[in-house]
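Structure data (PDB, C-alpha atoms, pLDDT in the B column) from run00.pdb:
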ATOM      1  CA  MET A   1       6.758  -9.397  -1.320  1.00 54.00           C
ATOM      2  CA  LYS A   2       5.948  -9.035  -5.036  1.00 62.00           C
ATOM      3  CA  ASN A   3       9.085 -11.026  -5.886  1.00 68.00           C
ATOM      4  CA  ARG A   4       8.359 -13.798  -3.385  1.00 81.00           C
ATOM      5  CA  VAL A   5       7.856 -17.374  -4.552  1.00 88.00           C
ATOM      6  CA  PHE A   6       5.754 -19.835  -2.520  1.00 89.00           C
ATOM      7  CA  THR A   7       5.873 -23.608  -2.034  1.00 90.00           C
ATOM      8  CA  THR A   8       2.692 -25.656  -2.349  1.00 92.00           C
ATOM      9  CA  GLY A   9       2.682 -26.027   1.440  1.00 88.00           C
ATOM     10  CA  GLU A  10       2.797 -22.265   1.937  1.00 86.00           C
ATOM     11  CA  VAL A  11       0.017 -21.747  -0.602  1.00 90.00           C
ATOM     12  CA  ALA A  12      -2.037 -24.416   1.153  1.00 87.00           C
ATOM     13  CA  THR A  13      -1.689 -22.571   4.480  1.00 82.00           C
ATOM     14  CA  ILE A  14      -2.610 -19.224   2.936  1.00 84.00           C
ATOM     15  CA  CYS A  15      -5.656 -20.614   1.097  1.00 85.00           C
ATOM     16  CA  GLY A  16      -6.795 -22.951   3.874  1.00 82.00           C
ATOM     17  CA  VAL A  17      -6.592 -26.153   1.841  1.00 86.00           C
ATOM     18  CA  SER A  18      -4.332 -29.216   1.719  1.00 88.00           C
ATOM     19  CA  ALA A  19      -1.004 -29.280  -0.111  1.00 88.00           C
ATOM     20  CA  ASP A  20      -2.443 -32.032  -2.347  1.00 91.00           C
ATOM     21  CA  THR A  21      -5.209 -29.663  -3.428  1.00 92.00           C
ATOM     22  CA  VAL A  22      -2.660 -26.985  -4.365  1.00 93.00           C
ATOM     23  CA  SER A  23      -0.631 -29.566  -6.288  1.00 93.00           C
ATOM     24  CA  ARG A  24      -3.779 -30.531  -8.182  1.00 93.00           C
ATOM     25  CA  TRP A  25      -4.486 -26.854  -8.996  1.00 94.00           C
ATOM     26  CA  PHE A  26      -0.937 -26.584 -10.297  1.00 94.00           C
ATOM     27  CA  ASP A  27      -1.026 -29.785 -12.367  1.00 93.00           C
ATOM     28  CA  LEU A  28      -4.356 -28.816 -13.937  1.00 94.00           C
ATOM     29  CA  GLY A  29      -2.997 -25.376 -14.868  1.00 94.00           C
ATOM     30  CA  GLN A  30      -5.462 -23.560 -12.612  1.00 94.00           C
ATOM     31  CA  ILE A  31      -2.642 -21.720 -10.861  1.00 95.00           C
ATOM     32  CA  ASP A  32       0.511 -20.647 -12.685  1.00 94.00           C
ATOM     33  CA  GLY A  33       3.969 -21.597 -11.517  1.00 94.00           C
ATOM     34  CA  TYR A  34       7.028 -23.645 -12.368  1.00 94.00           C
ATOM     35  CA  ARG A  35       9.041 -26.651 -11.193  1.00 92.00           C
ATOM     36  CA  LEU A  36      12.575 -26.707  -9.861  1.00 88.00           C
ATOM     37  CA  GLY A  37      13.950 -28.909 -12.603  1.00 84.00           C
ATOM     38  CA  PRO A  38      12.190 -31.872 -14.299  1.00 82.00           C
ATOM     39  CA  GLY A  39       9.733 -33.363 -11.822  1.00 79.00           C
ATOM     40  CA  GLY A  40      11.010 -31.047  -9.108  1.00 86.00           C
ATOM     41  CA  ASP A  41       9.143 -29.180  -6.399  1.00 89.00           C
ATOM     42  CA  ARG A  42       6.428 -26.796  -7.518  1.00 92.00           C
ATOM     43  CA  ARG A  43       6.879 -23.050  -7.010  1.00 93.00           C
ATOM     44  CA  ILE A  44       4.174 -20.384  -7.309  1.00 94.00           C
ATOM     45  CA  PRO A  45       5.111 -16.686  -7.743  1.00 92.00           C
ATOM     46  CA  TYR A  46       3.365 -14.015  -5.677  1.00 89.00           C
ATOM     47  CA  GLU A  47       1.513 -12.428  -8.625  1.00 89.00           C
ATOM     48  CA  SER A  48       0.220 -15.816  -9.779  1.00 93.00           C
ATOM     49  CA  LEU A  49      -1.078 -16.627  -6.315  1.00 93.00           C
ATOM     50  CA  ARG A  50      -2.649 -13.198  -5.880  1.00 89.00           C
ATOM     51  CA  LYS A  51      -4.388 -13.479  -9.270  1.00 90.00           C
ATOM     52  CA  PHE A  52      -5.674 -16.954  -8.398  1.00 93.00           C
ATOM     53  CA  MET A  53      -7.002 -15.826  -5.012  1.00 90.00           C
ATOM     54  CA  LEU A  54      -8.782 -12.830  -6.516  1.00 88.00           C
ATOM     55  CA  SER A  55     -10.414 -14.908  -9.264  1.00 90.00           C
ATOM     56  CA  HIS A  56     -11.623 -17.511  -6.751  1.00 88.00           C
ATOM     57  CA  GLY A  57     -12.852 -15.093  -4.076  1.00 85.00           C
ATOM     58  CA  ILE A  58     -10.201 -16.068  -1.527  1.00 83.00           C
ATOM     59  CA  PRO A  59      -9.500 -13.153   0.884  1.00 77.00           C
ATOM     60  CA  LEU A  60      -6.076 -11.590   0.370  1.00 77.00           C
ATOM     61  CA  GLU A  61      -5.478 -10.784   4.050  1.00 73.00           C
ATOM     62  CA  ARG A  62      -3.312 -13.841   4.708  1.00 70.00           C
ATOM     63  CA  LEU A  63      -1.228 -13.221   1.623  1.00 75.00           C
ATOM     64  CA  GLU A  64      -0.675  -9.556   2.352  1.00 68.00           C
ATOM     65  CA  GLU A  65      -0.533  -9.501   6.145  1.00 64.00           C
ATOM     66  CA  GLY A  66       3.273  -9.383   6.206  1.00 61.00           C
ATOM     67  CA  GLU A  67       3.528  -6.906   3.357  1.00 67.00           C
ATOM     68  CA  ARG A  68       3.909  -3.191   3.994  1.00 80.00           C
ATOM     69  CA  ARG A  69       2.159  -1.257   1.219  1.00 86.00           C
ATOM     70  CA  VAL A  70       2.966   2.418   0.740  1.00 93.00           C
ATOM     71  CA  LEU A  71       1.258   4.683  -1.782  1.00 95.00           C
ATOM     72  CA  VAL A  72       3.046   7.856  -2.903  1.00 97.00           C
ATOM     73  CA  VAL A  73       0.724  10.498  -4.384  1.00 97.00           C
ATOM     74  CA  ASP A  74       2.360  13.550  -5.974  1.00 97.00           C
ATOM     75  CA  ASP A  75       2.044  15.392  -9.295  1.00 95.00           C
ATOM     76  CA  ASP A  76       5.734  16.316  -9.230  1.00 95.00           C
ATOM     77  CA  PRO A  77       7.770  13.689 -11.166  1.00 94.00           C
ATOM     78  CA  PHE A  78      10.812  14.493  -9.023  1.00 96.00           C
ATOM     79  CA  TYR A  79       9.150  13.297  -5.823  1.00 96.00           C
ATOM     80  CA  LEU A  80       7.457  10.377  -7.587  1.00 94.00           C
ATOM     81  CA  ASP A  81      10.979   9.238  -8.404  1.00 94.00           C
ATOM     82  CA  ILE A  82      13.031   9.947  -5.291  1.00 95.00           C
ATOM     83  CA  ILE A  83      10.510   8.755  -2.674  1.00 95.00           C
ATOM     84  CA  PRO A  84       9.886   5.249  -4.120  1.00 92.00           C
ATOM     85  CA  THR A  85      13.606   4.902  -4.825  1.00 91.00           C
ATOM     86  CA  ALA A  86      14.445   5.728  -1.212  1.00 90.00           C
ATOM     87  CA  LEU A  87      11.776   3.443   0.268  1.00 89.00           C
ATOM     88  CA  SER A  88      12.524   0.521  -2.037  1.00 81.00           C
ATOM     89  CA  HIS A  89      15.671  -0.128   0.001  1.00 76.00           C
ATOM     90  CA  GLU A  90      13.695  -0.489   3.234  1.00 68.00           C
ATOM     91  CA  GLY A  91      13.072  -4.228   2.985  1.00 64.00           C
ATOM     92  CA  ASP A  92       9.683  -5.884   2.570  1.00 66.00           C
ATOM     93  CA  MET A  93       7.836  -2.823   1.291  1.00 78.00           C
ATOM     94  CA  LEU A  94       5.648  -2.500  -1.809  1.00 82.00           C
ATOM     95  CA  VAL A  95       5.765   1.121  -3.008  1.00 90.00           C
ATOM     96  CA  LEU A  96       2.977   2.252  -5.334  1.00 91.00           C
ATOM     97  CA  THR A  97       2.635   5.637  -7.040  1.00 95.00           C
ATOM     98  CA  ALA A  98      -0.110   7.906  -8.344  1.00 96.00           C
ATOM     99  CA  SER A  99       0.154  11.379  -9.881  1.00 96.00           C
ATOM    100  CA  THR A 100      -3.465  12.491  -9.393  1.00 96.00           C
ATOM    101  CA  GLY A 101      -6.087  12.259  -6.700  1.00 95.00           C
ATOM    102  CA  PHE A 102      -8.281  10.240  -9.055  1.00 95.00           C
ATOM    103  CA  ASP A 103      -5.577   7.651  -9.665  1.00 95.00           C
ATOM    104  CA  ALA A 104      -4.822   7.595  -5.936  1.00 96.00           C
ATOM    105  CA  GLY A 105      -8.430   6.658  -5.216  1.00 93.00           C
ATOM    106  CA  ALA A 106      -8.241   3.691  -7.577  1.00 92.00           C
ATOM    107  CA  MET A 107      -4.942   2.529  -6.066  1.00 91.00           C
ATOM    108  CA  VAL A 108      -6.322   2.783  -2.533  1.00 92.00           C
ATOM    109  CA  VAL A 109      -9.333   0.629  -3.415  1.00 87.00           C
ATOM    110  CA  GLU A 110      -7.171  -1.998  -5.119  1.00 83.00           C
ATOM    111  CA  HIS A 111      -4.283  -2.207  -2.648  1.00 83.00           C
ATOM    112  CA  ASN A 112      -5.493  -0.865   0.756  1.00 85.00           C
ATOM    113  CA  PRO A 113      -2.107   0.689   1.610  1.00 90.00           C
ATOM    114  CA  GLN A 114      -1.051   0.936   5.242  1.00 90.00           C
ATOM    115  CA  LEU A 115       0.615   4.295   4.554  1.00 95.00           C
ATOM    116  CA  VAL A 116      -0.092   7.052   2.042  1.00 97.00           C
ATOM    117  CA  ILE A 117       2.454   9.801   1.394  1.00 98.00           C
ATOM    118  CA  LEU A 118       0.168  12.494   0.027  1.00 98.00           C
ATOM    119  CA  ASP A 119       0.939  15.858  -1.539  1.00 97.00           C
ATOM    120  CA  ILE A 120      -1.489  18.471  -0.236  1.00 96.00           C
ATOM    121  CA  HIS A 121      -1.762  20.349  -3.536  1.00 92.00           C
ATOM    122  CA  LEU A 122      -2.486  17.969  -6.408  1.00 94.00           C
ATOM    123  CA  SER A 123      -3.285  19.090  -9.942  1.00 92.00           C
ATOM    124  CA  ASP A 124      -6.806  17.645  -9.987  1.00 93.00           C
ATOM    125  CA  MET A 125      -8.012  17.954  -6.376  1.00 93.00           C
ATOM    126  CA  ASP A 126      -7.080  19.041  -2.880  1.00 95.00           C
ATOM    127  CA  GLY A 127      -5.040  16.401  -1.051  1.00 95.00           C
ATOM    128  CA  ARG A 128      -7.125  16.995   2.057  1.00 96.00           C
ATOM    129  CA  MET A 129     -10.154  15.678   0.176  1.00 96.00           C
ATOM    130  CA  VAL A 130      -8.188  12.585  -0.830  1.00 96.00           C
ATOM    131  CA  CYS A 131      -7.189  12.092   2.802  1.00 97.00           C
ATOM    132  CA  GLU A 132     -10.785  12.382   3.949  1.00 96.00           C
ATOM    133  CA  ARG A 133     -11.913   9.761   1.447  1.00 95.00           C
ATOM    134  CA  ILE A 134      -9.196   7.334   2.508  1.00 95.00           C
ATOM    135  CA  LYS A 135     -10.087   7.709   6.186  1.00 95.00           C
ATOM    136  CA  SER A 136     -13.808   7.291   5.468  1.00 94.00           C
ATOM    137  CA  ARG A 137     -13.309   3.804   3.972  1.00 90.00           C
ATOM    138  CA  ALA A 138     -13.671   0.933   6.411  1.00 84.00           C
ATOM    139  CA  GLU A 139     -10.735  -0.880   4.787  1.00 82.00           C
ATOM    140  CA  THR A 140      -8.358   2.084   5.132  1.00 89.00           C
ATOM    141  CA  ARG A 141      -9.639   4.050   8.118  1.00 89.00           C
ATOM    142  CA  ASN A 142      -6.525   3.009  10.056  1.00 88.00           C
ATOM    143  CA  SER A 143      -4.134   3.749   7.207  1.00 92.00           C
ATOM    144  CA  ARG A 144      -1.536   6.360   8.144  1.00 95.00           C
ATOM    145  CA  ILE A 145      -1.286   9.455   5.985  1.00 97.00           C
ATOM    146  CA  LEU A 146       1.848  11.601   5.758  1.00 98.00           C
ATOM    147  CA  GLY A 147       1.142  14.959   4.142  1.00 97.00           C
ATOM    148  CA  ILE A 148       3.858  16.683   2.138  1.00 97.00           C
ATOM    149  CA  SER A 149       3.917  20.150   0.573  1.00 95.00           C
ATOM    150  CA  GLY A 150       6.215  23.043  -0.147  1.00 91.00           C
ATOM    151  CA  PHE A 151       3.440  25.613  -0.381  1.00 87.00           C
ATOM    152  CA  ILE A 152       1.413  25.676   2.787  1.00 88.00           C
ATOM    153  CA  GLU A 153       0.969  28.129   5.655  1.00 89.00           C
ATOM    154  CA  GLU A 154       1.666  27.210   9.270  1.00 91.00           C
ATOM    155  CA  ALA A 155      -1.996  27.687  10.145  1.00 92.00           C
ATOM    156  CA  GLU A 156      -2.967  25.166   7.470  1.00 92.00           C
ATOM    157  CA  ILE A 157      -0.405  22.672   8.755  1.00 93.00           C
ATOM    158  CA  ARG A 158      -1.940  22.837  12.235  1.00 93.00           C
ATOM    159  CA  GLN A 159      -5.356  22.053  10.733  1.00 95.00           C
ATOM    160  CA  LEU A 160      -4.254  18.950   8.779  1.00 96.00           C
ATOM    161  CA  ALA A 161      -5.086  16.597  11.648  1.00 95.00           C
ATOM    162  CA  ASP A 162      -8.711  17.716  11.342  1.00 95.00           C
ATOM    163  CA  TYR A 163      -8.828  16.091   7.921  1.00 95.00           C
ATOM    164  CA  GLY A 164      -7.222  12.836   9.023  1.00 95.00           C
ATOM    165  CA  PHE A 165      -3.512  13.432   8.413  1.00 97.00           C
ATOM    166  CA  ASP A 166      -1.227  11.658  10.877  1.00 96.00           C
ATOM    167  CA  ASP A 167       1.935  13.634  10.161  1.00 96.00           C
ATOM    168  CA  PHE A 168       3.347  16.312   7.861  1.00 97.00           C
ATOM    169  CA  LEU A 169       6.704  16.893   6.196  1.00 96.00           C
ATOM    170  CA  LYS A 170       7.537  20.140   4.429  1.00 95.00           C
ATOM    171  CA  LYS A 171       9.272  20.069   1.056  1.00 95.00           C
ATOM    172  CA  PRO A 172      12.145  19.983   0.430  1.00 94.00           C
ATOM    173  CA  PHE A 173      13.009  17.349   3.038  1.00 95.00           C
ATOM    174  CA  LYS A 174      15.947  15.072   3.742  1.00 95.00           C
ATOM    175  CA  ILE A 175      15.524  11.455   2.667  1.00 94.00           C
ATOM    176  CA  GLU A 176      16.601  10.192   6.088  1.00 94.00           C
ATOM    177  CA  GLU A 177      13.895  12.277   7.745  1.00 96.00           C
ATOM    178  CA  LEU A 178      11.329  10.853   5.340  1.00 95.00           C
ATOM    179  CA  LYS A 179      12.440   7.305   6.155  1.00 93.00           C
ATOM    180  CA  ASP A 180      12.194   8.007   9.882  1.00 93.00           C
ATOM    181  CA  ARG A 181       8.660   9.382   9.554  1.00 94.00           C
ATOM    182  CA  VAL A 182       7.585   6.445   7.394  1.00 94.00           C
ATOM    183  CA  GLN A 183       9.020   3.895   9.821  1.00 90.00           C
ATOM    184  CA  HIS A 184       7.366   5.603  12.786  1.00 92.00           C
ATOM    185  CA  LEU A 185       3.945   5.748  11.121  1.00 92.00           C
ATOM    186  CA  LEU A 186       4.079   2.109  10.014  1.00 86.00           C
ATOM    187  CA  GLU A 187       4.906   1.021  13.564  1.00 84.00           C
ATOM    188  CA  LEU A 188       2.006   2.881  15.190  1.00 76.00           C
ATOM    189  CA  PRO A 189      -0.671   0.544  16.575  1.00 69.00           C
ATOM    190  CA  ASN A 190      -4.057   0.578  14.902  1.00 56.00           C
ATOM    191  CA  THR A 191      -6.455   2.689  16.918  1.00 43.00           C
ATOM    192  CA  LYS A 192      -9.941   3.937  16.313  1.00 38.00           C
ATOM    193  CA  ILE A 193      -9.727   7.092  14.232  1.00 39.00           C
ATOM    194  CA  THR A 194     -12.534   9.632  14.368  1.00 39.00           C
ATOM    195  CA  ARG A 195     -14.165  10.642  11.119  1.00 38.00           C
ATOM    196  CA  PRO A 196     -12.318  13.646   9.711  1.00 41.00           C
ATOM    197  CA  LYS A 197     -13.886  17.033   9.211  1.00 43.00           C
ATOM    198  CA  ARG A 198     -15.406  17.451   5.759  1.00 42.00           C
ATOM    199  CA  LEU A 199     -13.453  19.769   3.503  1.00 44.00           C
ATOM    200  CA  THR A 200     -15.387  22.698   2.080  1.00 39.00           C
ATOM    201  CA  LEU A 201     -14.206  23.732  -1.365  1.00 34.00           C
TER     202      LEU A 201
END

How does this structure look as structure tokens?
Amino acid sequence: MKNRVFTTGEVATICGVSADTVSRWFDLGQIDGYRLGPGGDRRIPYESLRKFMLSHGIPLERLEEGERRVLVVDDDPFYLDIIPTALSHEGDMLVLTASTGFDAGAMVVEHNPQLVILDIHLSDMDGRMVCERIKSRAETRNSRILGISGFIEEAEIRQLADYGFDDFLKKPFKIEELKDRVQHLLELPNTKITRPKRLTL
């Protein structure tokens, strides 16, 4: 989706205006883009349109409704490399990364990912606390969260659902298994999710 380029007609549909209005925005330099040759059709890149919509208070839902956004949160550079690399081949999927719980919180607020792949043991905070915060936001209460960890007891794994986790995968895992879990979680229908149990630290 980030590499997509829109016509003025498509932008008009997304923003709820006429194509003439979009053309005027373009010609006045209010929205960035380019022409297909001298005097050719106007084209507007995704990032330009997203920036324009944000600056003018136009809701992003229509722009992002077909985009699958996945956030990978792990303090291990190995997994921050292999997971996005593996998922980047899965079609229309925007894969974001964060190495700390703090950074993950900022990314969640900015992008409202549909799926978060979350390491349970982060360097700055417990992943279960991050999960709880994601599920407590109205915008992301239906986001799916896949926990991952190589250092966790079976009893703790059974308790992850209490904090809002939808699934768990133990490290090290096979890439194909990760892809299967991701696909399954993204295809689950949105249902009302109960507020997770508060984590006591």

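If you apply the PyMOL selection byres ((chain A and resi 115) around 10) to this structure, you end up with Arg68, Arg69, Val70, Leu71, Val72, Val95, Asn112, Pro113, Gln114, Val116, Ile117, Leu118, Thr140, Asn142, Ser143, Arg144, Ile145, Leu146, Asp166, Val182, Gln183, Leu185 and Leu186 of chain A.
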
Can you spell out as a VMD selection string the set of residues that the PyMOL selection byres ((chain A and resi 40-55) around 9) selects in the structure I just provided? chain A and resid 1 to 8 11 15 23 26 30 to 39 56 to 60 63

Just give me the gap between CA of Val130 in chain A and CA of Asp180 in chain A in Å, one decimal is fine. 23.5 Å

The distance between CA of Ile134 in chain A and CA of Ala98 in chain A is 14.2 Å

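Nearest residue to Gly147 in chain A among A:Gly105, A:Gly164, A:Gly16, A:Pro77 is A:Gly164, counting only C-alpha atoms.
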
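What separates CA of Ala106 in chain A from CA of Ile148 in chain A is a distance of 20.2 Å.
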